[in-house]
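File shown here: protein00.pdb, holding PDB, C-alpha atoms.
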ATOM      1  CA  MET A   1     194.391  59.476 -37.516  1.00  0.00           C
ATOM      2  CA  LYS A   2     190.661  58.678 -37.710  1.00  0.00           C
ATOM      3  CA  LYS A   3     191.321  55.861 -40.182  1.00  0.00           C
ATOM      4  CA  ASP A   4     193.888  54.389 -37.777  1.00  0.00           C
ATOM      5  CA  ILE A   5     191.344  54.531 -34.946  1.00  0.00           C
ATOM      6  CA  ASP A   6     188.613  52.953 -37.097  1.00  0.00           C
ATOM      7  CA  LEU A   7     191.010  50.203 -38.234  1.00  0.00           C
ATOM      8  CA  GLY A   8     191.974  49.546 -34.627  1.00  0.00           C
ATOM      9  CA  LYS A   9     188.313  49.256 -33.598  1.00  0.00           C
ATOM     10  CA  PHE A  10     187.639  46.949 -36.525  1.00  0.00           C
ATOM     11  CA  LYS A  11     190.501  44.640 -35.516  1.00  0.00           C
ATOM     12  CA  ILE A  12     189.165  44.506 -31.951  1.00  0.00           C
ATOM     13  CA  ARG A  13     185.657  43.687 -33.160  1.00  0.00           C
ATOM     14  CA  LEU A  14     187.036  41.070 -35.563  1.00  0.00           C
ATOM     15  CA  GLY A  15     188.968  39.446 -32.725  1.00  0.00           C
ATOM     16  CA  TYR A  16     185.859  39.323 -30.550  1.00  0.00           C
ATOM     17  CA  LEU A  17     183.879  37.924 -33.492  1.00  0.00           C
ATOM     18  CA  ILE A  18     186.310  35.036 -34.014  1.00  0.00           C
ATOM     19  CA  PHE A  19     186.301  34.318 -30.279  1.00  0.00           C
ATOM     20  CA  ALA A  20     182.476  34.399 -30.186  1.00  0.00           C
ATOM     21  CA  ILE A  21     182.097  32.006 -33.141  1.00  0.00           C
ATOM     22  CA  ILE A  22     184.468  29.492 -31.528  1.00  0.00           C
ATOM     23  CA  LEU A  23     182.791  29.879 -28.114  1.00  0.00           C
ATOM     24  CA  ASP A  24     179.320  29.471 -29.596  1.00  0.00           C
ATOM     25  CA  ALA A  25     180.248  26.414 -31.681  1.00  0.00           C
ATOM     26  CA  PHE A  26     182.097  24.743 -28.781  1.00  0.00           C
ATOM     27  CA  SER A  27     179.247  25.463 -26.342  1.00  0.00           C
ATOM     28  CA  ASN A  28     176.670  24.028 -28.742  1.00  0.00           C
ATOM     29  CA  ALA A  29     178.811  20.899 -29.076  1.00  0.00           C
ATOM     30  CA  VAL A  30     178.964  20.636 -25.262  1.00  0.00           C
ATOM     31  CA  MET A  31     175.165  20.764 -25.085  1.00  0.00           C
ATOM     32  CA  ILE A  32     174.842  18.116 -27.800  1.00  0.00           C
ATOM     33  CA  ASP A  33     177.384  15.748 -26.241  1.00  0.00           C
ATOM     34  CA  SER A  34     175.970  16.075 -22.719  1.00  0.00           C
ATOM     35  CA  ASN A  35     172.756  14.546 -24.087  1.00  0.00           C
ATOM     36  CA  MET A  36     170.570  16.666 -21.835  1.00  0.00           C
ATOM     37  CA  GLY A  37     168.982  18.645 -24.650  1.00  0.00           C
ATOM     38  CA  SER A  38     170.535  20.988 -27.194  1.00  0.00           C
ATOM     39  CA  ALA A  39     169.675  24.575 -27.990  1.00  0.00           C
ATOM     40  CA  VAL A  40     166.409  24.709 -29.929  1.00  0.00           C
ATOM     41  CA  TRP A  41     167.791  25.253 -33.429  1.00  0.00           C
ATOM     42  CA  MET A  42     170.488  22.637 -32.842  1.00  0.00           C
ATOM     43  CA  SER A  43     167.932  20.080 -31.641  1.00  0.00           C
ATOM     44  CA  SER A  44     165.883  20.707 -34.752  1.00  0.00           C
ATOM     45  CA  ALA A  45     168.954  20.223 -36.973  1.00  0.00           C
ATOM     46  CA  VAL A  46     169.847  16.978 -35.175  1.00  0.00           C
ATOM     47  CA  ASN A  47     166.381  15.596 -35.945  1.00  0.00           C
ATOM     48  CA  ILE A  48     166.522  16.684 -39.594  1.00  0.00           C
ATOM     49  CA  SER A  49     169.994  15.155 -39.944  1.00  0.00           C
ATOM     50  CA  ALA A  50     168.776  11.844 -38.508  1.00  0.00           C
ATOM     51  CA  PHE A  51     165.639  11.870 -40.662  1.00  0.00           C
ATOM     52  CA  LEU A  52     167.525  12.613 -43.903  1.00  0.00           C
ATOM     53  CA  HIS A  53     170.632  10.590 -42.957  1.00  0.00           C
ATOM     54  CA  SER A  54     172.765  13.588 -43.877  1.00  0.00           C
ATOM     55  CA  PRO A  55     176.006  14.843 -42.236  1.00  0.00           C
ATOM     56  CA  TYR A  56     175.264  17.137 -39.312  1.00  0.00           C
ATOM     57  CA  GLY A  57     177.490  19.975 -40.537  1.00  0.00           C
ATOM     58  CA  THR A  58     175.935  19.925 -44.008  1.00  0.00           C
ATOM     59  CA  THR A  59     172.432  19.850 -42.531  1.00  0.00           C
ATOM     60  CA  LEU A  60     173.209  22.879 -40.370  1.00  0.00           C
ATOM     61  CA  PHE A  61     174.540  24.807 -43.353  1.00  0.00           C
ATOM     62  CA  VAL A  62     171.557  24.064 -45.626  1.00  0.00           C
ATOM     63  CA  TYR A  63     169.242  24.913 -42.731  1.00  0.00           C
ATOM     64  CA  ALA A  64     171.080  28.220 -42.332  1.00  0.00           C
ATOM     65  CA  VAL A  65     170.676  29.066 -46.024  1.00  0.00           C
ATOM     66  CA  LEU A  66     166.895  28.627 -45.741  1.00  0.00           C
ATOM     67  CA  VAL A  67     166.750  30.860 -42.655  1.00  0.00           C
ATOM     68  CA  THR A  68     168.879  33.450 -44.477  1.00  0.00           C
ATOM     69  CA  ILE A  69     166.199  33.633 -47.171  1.00  0.00           C
ATOM     70  CA  ALA A  70     163.486  33.951 -44.500  1.00  0.00           C
ATOM     71  CA  ASN A  71     165.378  36.902 -42.991  1.00  0.00           C
ATOM     72  CA  GLN A  72     165.248  38.736 -46.308  1.00  0.00           C
ATOM     73  CA  ILE A  73     161.480  38.253 -46.364  1.00  0.00           C
ATOM     74  CA  LEU A  74     161.202  39.713 -42.847  1.00  0.00           C
ATOM     75  CA  LEU A  75     163.277  42.718 -43.915  1.00  0.00           C
ATOM     76  CA  ARG A  76     160.750  43.310 -46.737  1.00  0.00           C
ATOM     77  CA  LYS A  77     163.652  44.150 -49.035  1.00  0.00           C
ATOM     78  CA  PHE A  78     166.875  42.564 -50.239  1.00  0.00           C
ATOM     79  CA  ASP A  79     169.816  43.478 -48.022  1.00  0.00           C
ATOM     80  CA  GLY A  80     172.976  42.168 -49.659  1.00  0.00           C
ATOM     81  CA  HIS A  81     175.140  42.806 -46.591  1.00  0.00           C
ATOM     82  CA  ILE A  82     172.922  40.769 -44.267  1.00  0.00           C
ATOM     83  CA  PHE A  83     172.440  38.023 -46.864  1.00  0.00           C
ATOM     84  CA  ILE A  84     176.165  37.557 -47.511  1.00  0.00           C
ATOM     85  CA  SER A  85     177.184  37.986 -43.865  1.00  0.00           C
ATOM     86  CA  ASN A  86     174.682  35.319 -42.780  1.00  0.00           C
ATOM     87  CA  LEU A  87     176.185  32.854 -45.260  1.00  0.00           C
ATOM     88  CA  LEU A  88     179.771  33.798 -44.316  1.00  0.00           C
ATOM     89  CA  PHE A  89     178.998  33.038 -40.682  1.00  0.00           C
ATOM     90  CA  SER A  90     177.083  29.832 -41.355  1.00  0.00           C
ATOM     91  CA  PHE A  91     179.756  27.911 -43.233  1.00  0.00           C
ATOM     92  CA  PRO A  92     182.559  27.816 -40.622  1.00  0.00           C
ATOM     93  CA  PHE A  93     180.132  27.683 -37.690  1.00  0.00           C
ATOM     94  CA  SER A  94     178.155  24.717 -39.042  1.00  0.00           C
ATOM     95  CA  TYR A  95     181.229  22.550 -39.469  1.00  0.00           C
ATOM     96  CA  LEU A  96     182.924  23.759 -36.263  1.00  0.00           C
ATOM     97  CA  VAL A  97     179.995  22.398 -34.232  1.00  0.00           C
ATOM     98  CA  GLY A  98     180.460  18.980 -35.855  1.00  0.00           C
ATOM     99  CA  ILE A  99     184.230  19.071 -35.310  1.00  0.00           C
ATOM    100  CA  PHE A 100     183.951  20.063 -31.655  1.00  0.00           C
ATOM    101  CA  SER A 101     181.286  17.421 -31.071  1.00  0.00           C
ATOM    102  CA  ASN A 102     183.620  14.731 -32.449  1.00  0.00           C
ATOM    103  CA  VAL A 103     186.511  16.056 -30.342  1.00  0.00           C
ATOM    104  CA  LEU A 104     184.395  15.994 -27.166  1.00  0.00           C
ATOM    105  CA  ASN A 105     182.880  12.577 -27.876  1.00  0.00           C
ATOM    106  CA  PRO A 106     185.770  10.546 -26.325  1.00  0.00           C
ATOM    107  CA  LEU A 107     185.273  12.452 -23.048  1.00  0.00           C
ATOM    108  CA  GLY A 108     181.950  10.660 -22.592  1.00  0.00           C
ATOM    109  CA  LEU A 109     180.024  13.672 -21.305  1.00  0.00           C
ATOM    110  CA  ASN A 110     176.807  11.716 -21.753  1.00  0.00           C
ATOM    111  CA  GLN A 111     178.128   9.103 -19.302  1.00  0.00           C
ATOM    112  CA  LEU A 112     178.545  11.551 -16.419  1.00  0.00           C
ATOM    113  CA  PRO A 113     176.160  11.421 -13.438  1.00  0.00           C
ATOM    114  CA  LEU A 114     172.843  13.126 -14.162  1.00  0.00           C
ATOM    115  CA  LEU A 115     173.494  16.217 -12.027  1.00  0.00           C
ATOM    116  CA  MET A 116     176.928  16.779 -13.585  1.00  0.00           C
ATOM    117  CA  ARG A 117     175.490  16.371 -17.097  1.00  0.00           C
ATOM    118  CA  LEU A 118     172.868  18.993 -16.258  1.00  0.00           C
ATOM    119  CA  MET A 119     175.528  21.383 -14.951  1.00  0.00           C
ATOM    120  CA  VAL A 120     177.647  20.854 -18.083  1.00  0.00           C
ATOM    121  CA  ASN A 121     174.582  21.448 -20.252  1.00  0.00           C
ATOM    122  CA  ILE A 122     173.730  24.686 -18.436  1.00  0.00           C
ATOM    123  CA  LEU A 123     177.327  25.888 -18.814  1.00  0.00           C
ATOM    124  CA  GLY A 124     177.004  25.125 -22.523  1.00  0.00           C
ATOM    125  CA  LEU A 125     173.804  27.185 -22.705  1.00  0.00           C
ATOM    126  CA  ILE A 126     175.486  30.106 -20.953  1.00  0.00           C
ATOM    127  CA  GLY A 127     178.407  29.845 -23.391  1.00  0.00           C
ATOM    128  CA  VAL A 128     176.047  29.834 -26.377  1.00  0.00           C
ATOM    129  CA  SER A 129     174.234  32.902 -25.044  1.00  0.00           C
ATOM    130  CA  ILE A 130     177.422  34.844 -24.301  1.00  0.00           C
ATOM    131  CA  GLY A 131     178.855  34.003 -27.731  1.00  0.00           C
ATOM    132  CA  THR A 132     175.637  35.156 -29.399  1.00  0.00           C
ATOM    133  CA  SER A 133     175.600  38.396 -27.410  1.00  0.00           C
ATOM    134  CA  ILE A 134     179.195  39.190 -28.353  1.00  0.00           C
ATOM    135  CA  TYR A 135     178.962  38.569 -32.073  1.00  0.00           C
ATOM    136  CA  GLN A 136     175.649  40.389 -32.357  1.00  0.00           C
ATOM    137  CA  ARG A 137     177.301  43.484 -30.871  1.00  0.00           C
ATOM    138  CA  CYS A 138     180.393  43.115 -33.054  1.00  0.00           C
ATOM    139  CA  ASN A 139     178.041  44.122 -35.876  1.00  0.00           C
ATOM    140  CA  LEU A 140     180.082  42.375 -38.566  1.00  0.00           C
ATOM    141  CA  ILE A 141     178.433  39.032 -39.360  1.00  0.00           C
ATOM    142  CA  GLN A 142     176.146  36.705 -37.451  1.00  0.00           C
ATOM    143  CA  HIS A 143     174.359  33.406 -37.835  1.00  0.00           C
ATOM    144  CA  PRO A 144     171.032  33.658 -39.722  1.00  0.00           C
ATOM    145  CA  ASN A 145     169.198  31.965 -36.829  1.00  0.00           C
ATOM    146  CA  ASP A 146     170.361  34.734 -34.517  1.00  0.00           C
ATOM    147  CA  GLU A 147     169.781  37.326 -37.233  1.00  0.00           C
ATOM    148  CA  LEU A 148     166.165  36.151 -37.218  1.00  0.00           C
ATOM    149  CA  ALA A 149     165.884  36.694 -33.456  1.00  0.00           C
ATOM    150  CA  TYR A 150     167.709  40.030 -33.845  1.00  0.00           C
ATOM    151  CA  LEU A 151     165.316  41.216 -36.553  1.00  0.00           C
ATOM    152  CA  LEU A 152     162.300  40.215 -34.499  1.00  0.00           C
ATOM    153  CA  ARG A 153     163.800  41.833 -31.387  1.00  0.00           C
ATOM    154  CA  PHE A 154     164.566  45.252 -32.839  1.00  0.00           C
ATOM    155  CA  LYS A 155     162.206  45.534 -35.822  1.00  0.00           C
ATOM    156  CA  TYR A 156     159.044  44.087 -34.300  1.00  0.00           C
ATOM    157  CA  LEU A 157     159.402  43.639 -30.507  1.00  0.00           C
ATOM    158  CA  HIS A 158     160.795  46.939 -29.229  1.00  0.00           C
ATOM    159  CA  GLY A 159     164.217  45.516 -28.308  1.00  0.00           C
ATOM    160  CA  SER A 160     163.036  42.599 -26.141  1.00  0.00           C
ATOM    161  CA  ALA A 161     165.760  39.925 -26.303  1.00  0.00           C
ATOM    162  CA  GLY A 162     163.609  37.358 -24.485  1.00  0.00           C
ATOM    163  CA  TRP A 163     160.563  37.663 -26.744  1.00  0.00           C
ATOM    164  CA  GLY A 164     162.703  37.932 -29.872  1.00  0.00           C
ATOM    165  CA  GLN A 165     164.498  34.695 -29.060  1.00  0.00           C
ATOM    166  CA  LEU A 166     161.303  32.893 -28.023  1.00  0.00           C
ATOM    167  CA  LEU A 167     159.353  33.868 -31.156  1.00  0.00           C
ATOM    168  CA  SER A 168     162.283  32.898 -33.399  1.00  0.00           C
ATOM    169  CA  TYR A 169     161.989  29.341 -32.059  1.00  0.00           C
ATOM    170  CA  THR A 170     158.643  28.763 -33.787  1.00  0.00           C
ATOM    171  CA  PRO A 171     160.140  27.299 -37.035  1.00  0.00           C
ATOM    172  CA  PRO A 172     162.514  24.779 -35.361  1.00  0.00           C
ATOM    173  CA  VAL A 173     159.819  23.643 -32.905  1.00  0.00           C
ATOM    174  CA  VAL A 174     157.378  23.052 -35.782  1.00  0.00           C
ATOM    175  CA  ILE A 175     160.056  21.115 -37.690  1.00  0.00           C
ATOM    176  CA  MET A 176     160.801  18.923 -34.645  1.00  0.00           C
ATOM    177  CA  ILE A 177     157.098  18.148 -34.311  1.00  0.00           C
ATOM    178  CA  ILE A 178     156.962  17.165 -38.000  1.00  0.00           C
ATOM    179  CA  CYS A 179     160.034  14.918 -37.597  1.00  0.00           C
ATOM    180  CA  PHE A 180     158.427  13.266 -34.572  1.00  0.00           C
ATOM    181  CA  VAL A 181     155.177  12.645 -36.461  1.00  0.00           C
ATOM    182  CA  LEU A 182     157.078  11.115 -39.387  1.00  0.00           C
ATOM    183  CA  THR A 183     159.548   8.993 -37.406  1.00  0.00           C
ATOM    184  CA  GLY A 184     158.042   8.490 -33.973  1.00  0.00           C
ATOM    185  CA  ASN A 185     161.361   9.640 -32.447  1.00  0.00           C
ATOM    186  CA  ILE A 186     162.589  12.919 -31.048  1.00  0.00           C
ATOM    187  CA  LEU A 187     166.337  13.439 -30.611  1.00  0.00           C
ATOM    188  CA  SER A 188     168.528  15.857 -28.650  1.00  0.00           C
ATOM    189  CA  VAL A 189     165.545  17.317 -26.804  1.00  0.00           C
ATOM    190  CA  GLY A 190     165.585  17.539 -23.031  1.00  0.00           C
ATOM    191  CA  ILE A 191     165.728  19.921 -20.124  1.00  0.00           C
ATOM    192  CA  GLY A 192     168.513  21.861 -21.845  1.00  0.00           C
ATOM    193  CA  THR A 193     166.199  22.557 -24.787  1.00  0.00           C
ATOM    194  CA  ILE A 194     163.465  23.829 -22.477  1.00  0.00           C
ATOM    195  CA  LEU A 195     165.944  26.023 -20.592  1.00  0.00           C
ATOM    196  CA  ALA A 196     167.266  27.397 -23.896  1.00  0.00           C
ATOM    197  CA  MET A 197     163.761  28.121 -25.150  1.00  0.00           C
ATOM    198  CA  PHE A 198     162.808  30.265 -22.160  1.00  0.00           C
ATOM    199  CA  PHE A 199     166.130  31.592 -20.827  1.00  0.00           C
ATOM    200  CA  GLN A 200     168.598  31.961 -23.712  1.00  0.00           C
ATOM    201  CA  GLY A 201     167.162  35.329 -24.720  1.00  0.00           C
ATOM    202  CA  VAL A 202     167.245  36.507 -21.103  1.00  0.00           C
ATOM    203  CA  ILE A 203     170.901  35.454 -20.711  1.00  0.00           C
ATOM    204  CA  ILE A 204     171.751  37.237 -23.981  1.00  0.00           C
ATOM    205  CA  GLY A 205     170.122  40.414 -22.657  1.00  0.00           C
ATOM    206  CA  ILE A 206     172.127  40.190 -19.417  1.00  0.00           C
ATOM    207  CA  SER A 207     175.338  39.433 -21.335  1.00  0.00           C
ATOM    208  CA  ASP A 208     174.789  42.552 -23.449  1.00  0.00           C
ATOM    209  CA  LYS A 209     175.246  44.591 -20.277  1.00  0.00           C
ATOM    210  CA  ILE A 210     177.999  42.756 -18.398  1.00  0.00           C
ATOM    211  CA  VAL A 211     180.126  40.862 -20.974  1.00  0.00           C
ATOM    212  CA  VAL A 212     182.417  43.206 -22.929  1.00  0.00           C
ATOM    213  CA  PRO A 213     180.063  46.163 -22.308  1.00  0.00           C
ATOM    214  CA  SER A 214     182.164  48.354 -24.619  1.00  0.00           C
ATOM    215  CA  LEU A 215     180.540  46.542 -27.557  1.00  0.00           C
ATOM    216  CA  LYS A 216     177.216  48.159 -28.424  1.00  0.00           C
ATOM    217  CA  HIS A 217     174.299  47.118 -30.612  1.00  0.00           C
ATOM    218  CA  HIS A 218     174.104  48.815 -34.016  1.00  0.00           C
ATOM    219  CA  TYR A 219     170.937  48.208 -35.947  1.00  0.00           C
ATOM    220  CA  SER A 220     169.334  50.031 -38.854  1.00  0.00           C
ATOM    221  CA  PHE A 221     166.236  48.348 -40.236  1.00  0.00           C
TER     222      PHE A 221
END
Rewrite the coordinates I just gave you, this time as structure tokens.
Amino acid sequence: MKKDIDLGKFKIRLGYLIFAIILDAFSNAVMIDSNMGSAVWMSSAVNISAFLHSPYGTTLFVYAVLVTIANQILLRKFDGHIFISNLLFSFPFSYLVGIFSNVLNPLGLNQLPLLMRLMVNILGLIGVSIGTSIYQRCNLIQHPNDELAYLLRFKYLHGSAGWGQLLSYTPPVVIMIICFVLTGNILSVGIGTILAMFFQGVIIGISDKIVVPSLKHHYSF
């Protein structure tokens, strides 16, 4: 009986995980296509992709691999589960963002009036935050960028979602500055990026409590 219950819970968590990955990827694509500023990590990847002239999906995946390695350093030990789960999440997510962005492109979200573009961008940010909150609490796999924020939040910052998210943005912000110095251009950065930097962690913390509250955080560092 217990095995049946555990299997049932696993299927529920797996279903929420798939939903969260799709929601997160779609919402990131919405932010990119609205051209009002992407989430911080996404903005950084856009600038790297433009600088290296590499496909966006491939850039995101390579970026994710590097962050996965950084997470192992923060753990101060090798955790095979986290390492593999980070990579398992990164591959479909990275290419889903590119696919959704191409699908949304004909809608011309970047041609909407300024106020509507801002509203669309904010909805995208909320979607990204809710998706992140859900898959973090599914406790199966998650993106290495969010694993980084998660590690900082629970291992170093006493559970603060806001500070964990904000501190995790240091690497992508530094990379964007480097890209700007080298090229003289900065892409996919705008009010949406600023809102994401200061409010994404807060929205994640709120979502933890009100969006599928039956899902709970499980962490053991």
For this session: Please provide the set of residues having any atom within 8 Å of segment 35-48 of chain A, restricted to all atoms listed in the file, with same-chain residues fewer than 2 positions apart removed, written as JSON, numbers by chain.
Result: {"A": [28, 31, 32, 33, 50, 51, 52, 56, 59, 60, 63, 109, 110, 117, 118, 121, 125, 145, 169, 172, 173, 175, 176, 179, 186, 187, 188, 189, 190, 191, 192, 193, 194, 196, 197]}
Exercise. Quick one: of A:Ser94, A:Thr183, A:Ser129, A:Ser160, who's nearest to Pro144 of chain A, counting only C-alpha atoms?
Worked result: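 When distances to Pro144 of chain A are compared using only C-alpha atoms, the smallest one comes from A:Ser94.
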For this session: Mind giving me the straight-line distance from atom CA of Val62 of chain A to atom CA of Trp163 of chain A in Å, one decimal?
Result: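 The value is 25.7 Å.
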Exercise. Which of these, A:Asn105, A:Ser214, A:Asn185, A:Asn71, has the shortest distance to Ala149 of chain A once you count all atoms listed in the file?
Worked result: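 Smallest separation from Ala149 of chain A among the options: A:Asn71.
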Exercise. Any chance you could work out the residue set of the PyMOL selection byres ((chain A and resi 29) around 9) here, as a PyMOL selection string?
Worked result: chain A and resi 24-28+30-34+38+96-102+104+124
Exercise. Which one is closest to Gly205 of chain A: A:Gln136, A:Ser54, A:Ser49, A:Thr68? Count all atoms listed in the file.
Worked result: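 Comparing A:Gln136, A:Ser54, A:Ser49, A:Thr68 against Gly205 of chain A, the winner is A:Gln136.
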Residues at most 7 Å from segment 77-92 of chain A, counting all atoms listed in the file, excluding those fewer than 4 positions away in the same chain, as a CSV table (one decimal) with C-alpha atoms, keeping the file's coordinate frame?
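Listed below is the output, selection_32.csv:
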chain,number,residue,atom,x,y,z
A,61,PHE,CA,174.5,24.8,-43.4
A,64,ALA,CA,171.1,28.2,-42.3
A,65,VAL,CA,170.7,29.1,-46.0
A,68,THR,CA,168.9,33.4,-44.5
A,72,GLN,CA,165.2,38.7,-46.3
A,73,ILE,CA,161.5,38.3,-46.4
A,96,LEU,CA,182.9,23.8,-36.3
A,141,ILE,CA,178.4,39.0,-39.4
A,142,GLN,CA,176.1,36.7,-37.5
A,143,HIS,CA,174.4,33.4,-37.8
A,144,PRO,CA,171.0,33.7,-39.7
For this session: Quick one: apply the PyMOL selection byres ((chain A and resi 167) around 10) to the file and drop the selected residues here as number ranges by chain.
Result: A: 148-149, 152-153, 157, 162-166, 168-171, 197
Seminar exercise, completed: In terms of only C-alpha atoms, the residue from A:Thr58, A:Leu195, A:Tyr156, A:Gln200 at minimal distance from Ile130 of chain A is A:Gln200
Exercise. Separation of atom CA of Tyr150 of chain A and atom CA of Ile69 of chain A, in Å?
Worked result: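 Atom-to-atom, atom CA of Tyr150 of chain A and atom CA of Ile69 of chain A are spaced 14.9 Å apart.
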Problem set entry | d(atom CA of Asp208 of chain A, atom CA of Leu17 of chain A) in Å | 14.3 Å
